Each structure stands twice: as structure tokens, then as C-alpha cells.
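J.: Contents of start.cif (mmCIF, N, CA and C atoms) are given next:
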```
data_protein
#
loop_
_atom_site.label_atom_id
_atom_site.label_comp_id
_atom_site.auth_asym_id
_atom_site.auth_seq_id
_atom_site.Cartn_x
_atom_site.Cartn_y
_atom_site.Cartn_z
N MET O 1 -16.18 -48.38 102.48
CA MET O 1 -17.36 -48.95 103.08
C MET O 1 -18.59 -48.37 102.42
N ASN O 2 -19.62 -49.14 102.37
CA ASN O 2 -20.84 -48.67 101.72
C ASN O 2 -21.70 -47.87 102.72
N PRO O 3 -22.71 -47.14 102.21
CA PRO O 3 -23.55 -46.31 103.10
C PRO O 3 -24.27 -47.10 104.19
N THR O 4 -24.66 -48.34 103.91
CA THR O 4 -25.34 -49.15 104.93
C THR O 4 -24.40 -49.46 106.09
N GLU O 5 -23.15 -49.84 105.78
CA GLU O 5 -22.17 -50.11 106.84
C GLU O 5 -21.90 -48.85 107.66
N THR O 6 -21.76 -47.74 106.97
CA THR O 6 -21.49 -46.47 107.64
C THR O 6 -22.62 -46.12 108.61
N ALA O 7 -23.86 -46.27 108.17
CA ALA O 7 -25.01 -45.97 109.03
C ALA O 7 -25.07 -46.93 110.21
N ARG O 8 -24.79 -48.21 109.99
CA ARG O 8 -24.81 -49.19 111.08
C ARG O 8 -23.74 -48.87 112.12
N LEU O 9 -22.55 -48.49 111.66
CA LEU O 9 -21.47 -48.13 112.58
C LEU O 9 -21.84 -46.89 113.39
N GLN O 10 -22.42 -45.89 112.72
CA GLN O 10 -22.83 -44.68 113.42
C GLN O 10 -23.89 -45.00 114.48
N ASN O 11 -24.89 -45.79 114.13
CA ASN O 11 -25.92 -46.17 115.09
C ASN O 11 -25.33 -46.93 116.27
N TYR O 12 -24.41 -47.84 115.99
CA TYR O 12 -23.77 -48.61 117.07
C TYR O 12 -23.03 -47.68 118.03
N LEU O 13 -22.21 -46.78 117.49
CA LEU O 13 -21.44 -45.87 118.35
C LEU O 13 -22.35 -44.94 119.14
N ARG O 14 -23.40 -44.45 118.52
CA ARG O 14 -24.34 -43.58 119.24
C ARG O 14 -24.99 -44.31 120.40
N LEU O 15 -25.39 -45.55 120.18
CA LEU O 15 -25.97 -46.35 121.26
C LEU O 15 -24.94 -46.67 122.34
N LYS O 16 -23.76 -47.08 121.92
CA LYS O 16 -22.71 -47.50 122.87
C LYS O 16 -22.27 -46.34 123.77
N PHE O 17 -22.12 -45.14 123.19
CA PHE O 17 -21.63 -43.99 123.95
C PHE O 17 -22.74 -43.05 124.42
N GLY O 18 -23.99 -43.35 124.07
CA GLY O 18 -25.13 -42.59 124.57
C GLY O 18 -25.20 -41.15 124.10
N THR O 19 -24.82 -40.91 122.84
CA THR O 19 -24.90 -39.56 122.31
C THR O 19 -25.18 -39.57 120.82
N ASP O 20 -26.03 -38.64 120.40
CA ASP O 20 -26.32 -38.48 118.98
C ASP O 20 -25.33 -37.53 118.31
N ARG O 21 -24.35 -37.03 119.06
CA ARG O 21 -23.36 -36.11 118.49
C ARG O 21 -22.31 -36.84 117.66
N ILE O 22 -22.24 -38.17 117.76
CA ILE O 22 -21.27 -38.94 116.99
C ILE O 22 -21.75 -39.05 115.55
N ARG O 23 -20.84 -38.75 114.63
CA ARG O 23 -21.13 -38.90 113.20
C ARG O 23 -20.04 -39.75 112.57
N VAL O 24 -20.45 -40.59 111.64
CA VAL O 24 -19.51 -41.42 110.88
C VAL O 24 -19.69 -41.04 109.42
N LYS O 25 -18.58 -40.68 108.78
CA LYS O 25 -18.69 -40.27 107.37
C LYS O 25 -17.58 -40.89 106.54
N PRO O 26 -17.86 -41.09 105.25
CA PRO O 26 -16.86 -41.69 104.37
C PRO O 26 -15.62 -40.80 104.23
N ARG O 27 -14.50 -41.44 103.93
CA ARG O 27 -13.26 -40.69 103.65
C ARG O 27 -13.14 -40.52 102.14
N LYS O 28 -12.63 -39.41 101.71
CA LYS O 28 -12.48 -39.14 100.28
C LYS O 28 -11.38 -39.99 99.67
N GLU O 29 -10.31 -40.24 100.42
CA GLU O 29 -9.13 -40.90 99.86
C GLU O 29 -9.07 -42.40 100.09
N ALA O 30 -10.02 -42.97 100.83
CA ALA O 30 -9.96 -44.41 101.12
C ALA O 30 -11.36 -44.98 101.25
N ASP O 31 -11.55 -46.20 100.77
CA ASP O 31 -12.87 -46.83 100.89
C ASP O 31 -12.88 -47.98 101.90
N ASP O 32 -11.75 -48.20 102.59
CA ASP O 32 -11.68 -49.27 103.60
C ASP O 32 -11.83 -48.73 105.01
N SER O 33 -12.15 -47.43 105.13
CA SER O 33 -12.26 -46.81 106.44
C SER O 33 -13.20 -45.61 106.38
N VAL O 34 -13.67 -45.18 107.56
CA VAL O 34 -14.54 -44.01 107.69
C VAL O 34 -14.02 -43.13 108.82
N GLU O 35 -14.38 -41.86 108.78
CA GLU O 35 -14.02 -40.92 109.84
C GLU O 35 -15.09 -40.92 110.92
N VAL O 36 -14.66 -40.73 112.17
CA VAL O 36 -15.59 -40.61 113.29
C VAL O 36 -15.43 -39.20 113.86
N LEU O 37 -16.55 -38.51 114.01
CA LEU O 37 -16.54 -37.15 114.54
C LEU O 37 -17.46 -37.06 115.74
N LEU O 38 -17.08 -36.20 116.68
CA LEU O 38 -17.93 -35.87 117.81
C LEU O 38 -18.29 -34.41 117.62
N GLY O 39 -19.53 -34.15 117.22
CA GLY O 39 -19.88 -32.82 116.76
C GLY O 39 -19.12 -32.56 115.47
N GLU O 40 -18.32 -31.52 115.47
CA GLU O 40 -17.50 -31.20 114.29
C GLU O 40 -16.05 -31.62 114.48
N GLU O 41 -15.72 -32.17 115.65
CA GLU O 41 -14.33 -32.54 115.95
C GLU O 41 -14.01 -33.97 115.51
N PHE O 42 -12.98 -34.11 114.68
CA PHE O 42 -12.51 -35.42 114.26
C PHE O 42 -11.91 -36.13 115.47
N ILE O 43 -12.37 -37.38 115.73
CA ILE O 43 -11.82 -38.11 116.87
C ILE O 43 -11.16 -39.43 116.50
N GLY O 44 -11.36 -39.91 115.28
CA GLY O 44 -10.71 -41.16 114.92
C GLY O 44 -11.18 -41.75 113.61
N LEU O 45 -10.68 -42.95 113.35
CA LEU O 45 -11.01 -43.68 112.13
C LEU O 45 -11.48 -45.08 112.49
N ILE O 46 -12.37 -45.61 111.68
CA ILE O 46 -12.76 -47.01 111.79
C ILE O 46 -12.32 -47.69 110.51
N TYR O 47 -11.53 -48.75 110.67
CA TYR O 47 -11.04 -49.54 109.54
C TYR O 47 -11.82 -50.85 109.45
N LYS O 48 -12.13 -51.25 108.24
CA LYS O 48 -12.80 -52.53 108.00
C LYS O 48 -11.74 -53.58 107.71
N ASP O 49 -11.89 -54.74 108.36
CA ASP O 49 -10.94 -55.84 108.16
C ASP O 49 -11.73 -57.10 107.84
N GLN O 50 -11.39 -57.72 106.72
CA GLN O 50 -12.02 -58.98 106.33
C GLN O 50 -10.93 -60.04 106.25
N ASP O 51 -11.11 -61.11 107.05
CA ASP O 51 -10.11 -62.17 107.11
C ASP O 51 -10.81 -63.51 107.30
N GLU O 52 -10.55 -64.44 106.42
CA GLU O 52 -11.10 -65.79 106.50
C GLU O 52 -12.62 -65.78 106.62
N GLY O 53 -13.27 -64.92 105.85
CA GLY O 53 -14.73 -64.87 105.86
C GLY O 53 -15.35 -64.10 107.00
N GLU O 54 -14.55 -63.58 107.91
CA GLU O 54 -15.04 -62.80 109.05
C GLU O 54 -14.79 -61.32 108.80
N THR O 55 -15.73 -60.48 109.20
CA THR O 55 -15.57 -59.04 109.08
C THR O 55 -15.52 -58.43 110.47
N SER O 56 -14.56 -57.54 110.69
CA SER O 56 -14.48 -56.80 111.94
C SER O 56 -14.15 -55.34 111.63
N TYR O 57 -14.36 -54.50 112.61
CA TYR O 57 -14.11 -53.06 112.46
C TYR O 57 -13.22 -52.61 113.60
N ASP O 58 -12.16 -51.89 113.26
CA ASP O 58 -11.18 -51.44 114.25
C ASP O 58 -11.28 -49.93 114.39
N PHE O 59 -11.66 -49.45 115.59
CA PHE O 59 -11.75 -48.02 115.86
C PHE O 59 -10.42 -47.54 116.40
N ASN O 60 -9.80 -46.60 115.71
CA ASN O 60 -8.49 -46.08 116.09
C ASN O 60 -8.63 -44.61 116.46
N MET O 61 -8.29 -44.31 117.72
CA MET O 61 -8.40 -42.94 118.22
C MET O 61 -7.07 -42.55 118.86
N ALA O 62 -6.42 -41.55 118.30
CA ALA O 62 -5.17 -41.06 118.87
C ALA O 62 -5.49 -39.99 119.92
N ILE O 63 -4.80 -40.06 121.05
CA ILE O 63 -4.97 -39.07 122.12
C ILE O 63 -3.62 -38.41 122.36
N LEU O 64 -3.56 -37.11 122.14
CA LEU O 64 -2.32 -36.38 122.30
C LEU O 64 -2.08 -36.03 123.77
N GLU O 65 -0.83 -36.01 124.16
CA GLU O 65 -0.46 -35.67 125.54
C GLU O 65 -1.02 -34.30 125.93
N MET O 66 -0.96 -33.34 125.00
CA MET O 66 -1.45 -31.97 125.31
C MET O 66 -2.95 -31.99 125.56
N ASP O 67 -3.69 -32.91 124.95
CA ASP O 67 -5.12 -33.02 125.22
C ASP O 67 -5.39 -33.55 126.62
N LEU O 68 -4.54 -34.45 127.10
CA LEU O 68 -4.68 -34.97 128.45
C LEU O 68 -4.45 -33.88 129.49
N ALA O 69 -3.48 -33.04 129.24
CA ALA O 69 -3.18 -31.94 130.17
C ALA O 69 -4.38 -31.00 130.27
N ALA O 70 -5.05 -30.74 129.16
CA ALA O 70 -6.20 -29.84 129.17
C ALA O 70 -7.38 -30.48 129.90
N ALA O 71 -7.41 -31.80 129.97
CA ALA O 71 -8.51 -32.51 130.63
C ALA O 71 -8.32 -32.58 132.14
N GLY O 72 -7.14 -32.19 132.61
CA GLY O 72 -6.89 -32.16 134.06
C GLY O 72 -6.38 -33.45 134.51
#
```
So that I can check it, write out the structure of this file as C-alpha cells.

T.:
Amino acid sequence: MNPTETARLQNYLRLKFGTDRIRVKPRKEADDSVEVLLGEEFIGLIYKDQDEGETSYDFNMAILEMDLAAAG
């Protein structure tokens, strides 16, 4: 993804979740996705999908069972 897309995604997530702690940064090994961080903690990936002239973005966040236990 290009820097403009990355910035737009970051702005969208910050507005949607009401926090400036969200950061979106490029991945070194792939150009079809970006990393999403909350502060310094990696929380997921956003993948770009282009199909039949339409562009969409898929946010993928894995939640581990041990993380749920810590959340109460």
C-alpha cells in the first residue's frame, strides 16, 4: 500500500475507535497489507483487496485465549 492509503487507514481507525494511539505502518515483507499497532503493541493487519474494480480493506485481529483470561 502506498503512504496515502496508509495515512487514510490510520486516520479512519483513529476516528472510529476514538484514540490517537493507533498507528498504521507498512510491512517490510509485503506491500498488500499494513500493520496496526496500539501504542507499541501489534494488534493486527489490514489487507487490501481489489476485485472487479472495487477496493476494500480487511482488518484481521487475532485474539488469544490467554489474553481473554487476563481481561477478566

J.: Looking at all atoms listed in the file, which of O:Thr4, O:Asn60, O:Asn11, O:Ser33 is the one that sits closest to Lys48 in chain O?

T.: O:Ser33

J.: Select from chain O everything DSSP, run on the backbone, classes as strand (DSSP E or B), then give the selection as a JSON list (two decimals) with N, CA and C atoms, in the frame of the given file.

T.:
```json
[["chain", "number", "residue", "atom", "x", "y", "z"],
["O", 22, "ILE", "N", -22.24, -38.17, 117.76],
["O", 22, "ILE", "CA", -21.27, -38.94, 116.99],
["O", 22, "ILE", "C", -21.75, -39.05, 115.55],
["O", 23, "ARG", "N", -20.84, -38.75, 114.63],
["O", 23, "ARG", "CA", -21.13, -38.90, 113.20],
["O", 23, "ARG", "C", -20.04, -39.75, 112.57],
["O", 24, "VAL", "N", -20.45, -40.59, 111.64],
["O", 24, "VAL", "CA", -19.51, -41.42, 110.88],
["O", 24, "VAL", "C", -19.69, -41.04, 109.42],
["O", 25, "LYS", "N", -18.58, -40.68, 108.78],
["O", 25, "LYS", "CA", -18.69, -40.27, 107.37],
["O", 25, "LYS", "C", -17.58, -40.89, 106.54],
["O", 26, "PRO", "N", -17.86, -41.09, 105.25],
["O", 26, "PRO", "CA", -16.86, -41.69, 104.37],
["O", 26, "PRO", "C", -15.62, -40.80, 104.23],
["O", 33, "SER", "N", -12.15, -47.43, 105.13],
["O", 33, "SER", "CA", -12.26, -46.81, 106.44],
["O", 33, "SER", "C", -13.20, -45.61, 106.38],
["O", 34, "VAL", "N", -13.67, -45.18, 107.56],
["O", 34, "VAL", "CA", -14.54, -44.01, 107.69],
["O", 34, "VAL", "C", -14.02, -43.13, 108.82],
["O", 35, "GLU", "N", -14.38, -41.86, 108.78],
["O", 35, "GLU", "CA", -14.02, -40.92, 109.84],
["O", 35, "GLU", "C", -15.09, -40.92, 110.92],
["O", 36, "VAL", "N", -14.66, -40.73, 112.17],
["O", 36, "VAL", "CA", -15.59, -40.61, 113.29],
["O", 36, "VAL", "C", -15.43, -39.20, 113.86],
["O", 37, "LEU", "N", -16.55, -38.51, 114.01],
["O", 37, "LEU", "CA", -16.54, -37.15, 114.54],
["O", 37, "LEU", "C", -17.46, -37.06, 115.74],
["O", 38, "LEU", "N", -17.08, -36.20, 116.68],
["O", 38, "LEU", "CA", -17.93, -35.87, 117.81],
["O", 38, "LEU", "C", -18.29, -34.41, 117.62],
["O", 41, "GLU", "N", -15.72, -32.17, 115.65],
["O", 41, "GLU", "CA", -14.33, -32.54, 115.95],
["O", 41, "GLU", "C", -14.01, -33.97, 115.51],
["O", 42, "PHE", "N", -12.98, -34.11, 114.68],
["O", 42, "PHE", "CA", -12.51, -35.42, 114.26],
["O", 42, "PHE", "C", -11.91, -36.13, 115.47],
["O", 43, "ILE", "N", -12.37, -37.38, 115.73],
["O", 43, "ILE", "CA", -11.82, -38.11, 116.87],
["O", 43, "ILE", "C", -11.16, -39.43, 116.50],
["O", 44, "GLY", "N", -11.36, -39.91, 115.28],
["O", 44, "GLY", "CA", -10.71, -41.16, 114.92],
["O", 44, "GLY", "C", -11.18, -41.75, 113.61],
["O", 45, "LEU", "N", -10.68, -42.95, 113.35],
["O", 45, "LEU", "CA", -11.01, -43.68, 112.13],
["O", 45, "LEU", "C", -11.48, -45.08, 112.49],
["O", 46, "ILE", "N", -12.37, -45.61, 111.68],
["O", 46, "ILE", "CA", -12.76, -47.01, 111.79],
["O", 46, "ILE", "C", -12.32, -47.69, 110.51],
["O", 47, "TYR", "N", -11.53, -48.75, 110.67],
["O", 47, "TYR", "CA", -11.04, -49.54, 109.54],
["O", 47, "TYR", "C", -11.82, -50.85, 109.45],
["O", 48, "LYS", "N", -12.13, -51.25, 108.24],
["O", 48, "LYS", "CA", -12.80, -52.53, 108.00],
["O", 48, "LYS", "C", -11.74, -53.58, 107.71],
["O", 49, "ASP", "N", -11.89, -54.74, 108.36],
["O", 49, "ASP", "CA", -10.94, -55.84, 108.16],
["O", 49, "ASP", "C", -11.73, -57.10, 107.84],
["O", 50, "GLN", "N", -11.39, -57.72, 106.72],
["O", 50, "GLN", "CA", -12.02, -58.98, 106.33],
["O", 50, "GLN", "C", -10.93, -60.04, 106.25],
["O", 51, "ASP", "N", -11.11, -61.11, 107.05],
["O", 51, "ASP", "CA", -10.11, -62.17, 107.11],
["O", 51, "ASP", "C", -10.81, -63.51, 107.30],
["O", 54, "GLU", "N", -14.55, -63.58, 107.91],
["O", 54, "GLU", "CA", -15.04, -62.80, 109.05],
["O", 54, "GLU", "C", -14.79, -61.32, 108.80],
["O", 55, "THR", "N", -15.73, -60.48, 109.20],
["O", 55, "THR", "CA", -15.57, -59.04, 109.08],
["O", 55, "THR", "C", -15.52, -58.43, 110.47],
["O", 56, "SER", "N", -14.56, -57.54, 110.69],
["O", 56, "SER", "CA", -14.48, -56.80, 111.94],
["O", 56, "SER", "C", -14.15, -55.34, 111.63],
["O", 57, "TYR", "N", -14.36, -54.50, 112.61],
["O", 57, "TYR", "CA", -14.11, -53.06, 112.46],
["O", 57, "TYR", "C", -13.22, -52.61, 113.60],
["O", 58, "ASP", "N", -12.16, -51.89, 113.26],
["O", 58, "ASP", "CA", -11.18, -51.44, 114.25],
["O", 58, "ASP", "C", -11.28, -49.93, 114.39],
["O", 59, "PHE", "N", -11.66, -49.45, 115.59],
["O", 59, "PHE", "CA", -11.75, -48.02, 115.86],
["O", 59, "PHE", "C", -10.42, -47.54, 116.40],
["O", 60, "ASN", "N", -9.80, -46.60, 115.71],
["O", 60, "ASN", "CA", -8.49, -46.08, 116.09],
["O", 60, "ASN", "C", -8.63, -44.61, 116.46]]
```

J.: Just give me the residues with any atom within 12 Å of (-23.4, -45.7, 110.0), file coordinates, counting only C-alpha atoms, written as a ChimeraX atom specification.

T.: /O:1-15,20,22-26,33-37,46

J.: Rounded to one decimal in Å, what is the spacing between atom N of Gly18 in chain O and CA of Asp31 in chain O?

T.: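 Separation of atom N of Gly18 in chain O and CA of Asp31 in chain O: 25.9 Å.
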
J.: Would you mind telling me which residue in O:Lys16, O:Tyr47, O:Gly53, O:Glu65 lies nearest to Asp32 in chain O when using only C-alpha atoms?

T.: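 Smallest distance to Asp32 in chain O is found for O:Tyr47.
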
J.: List every residue of range 5-62 of chain O that DSSP, applied to the backbone, labels as alpha helix (DSSP H), and write the result as a ChimeraX atom specification.

T.: /O:5-17

J.: Between atom C of Thr19 in chain O and atom N of Glu40 in chain O, what is the spacing in Å?

T.: 11.9 Å
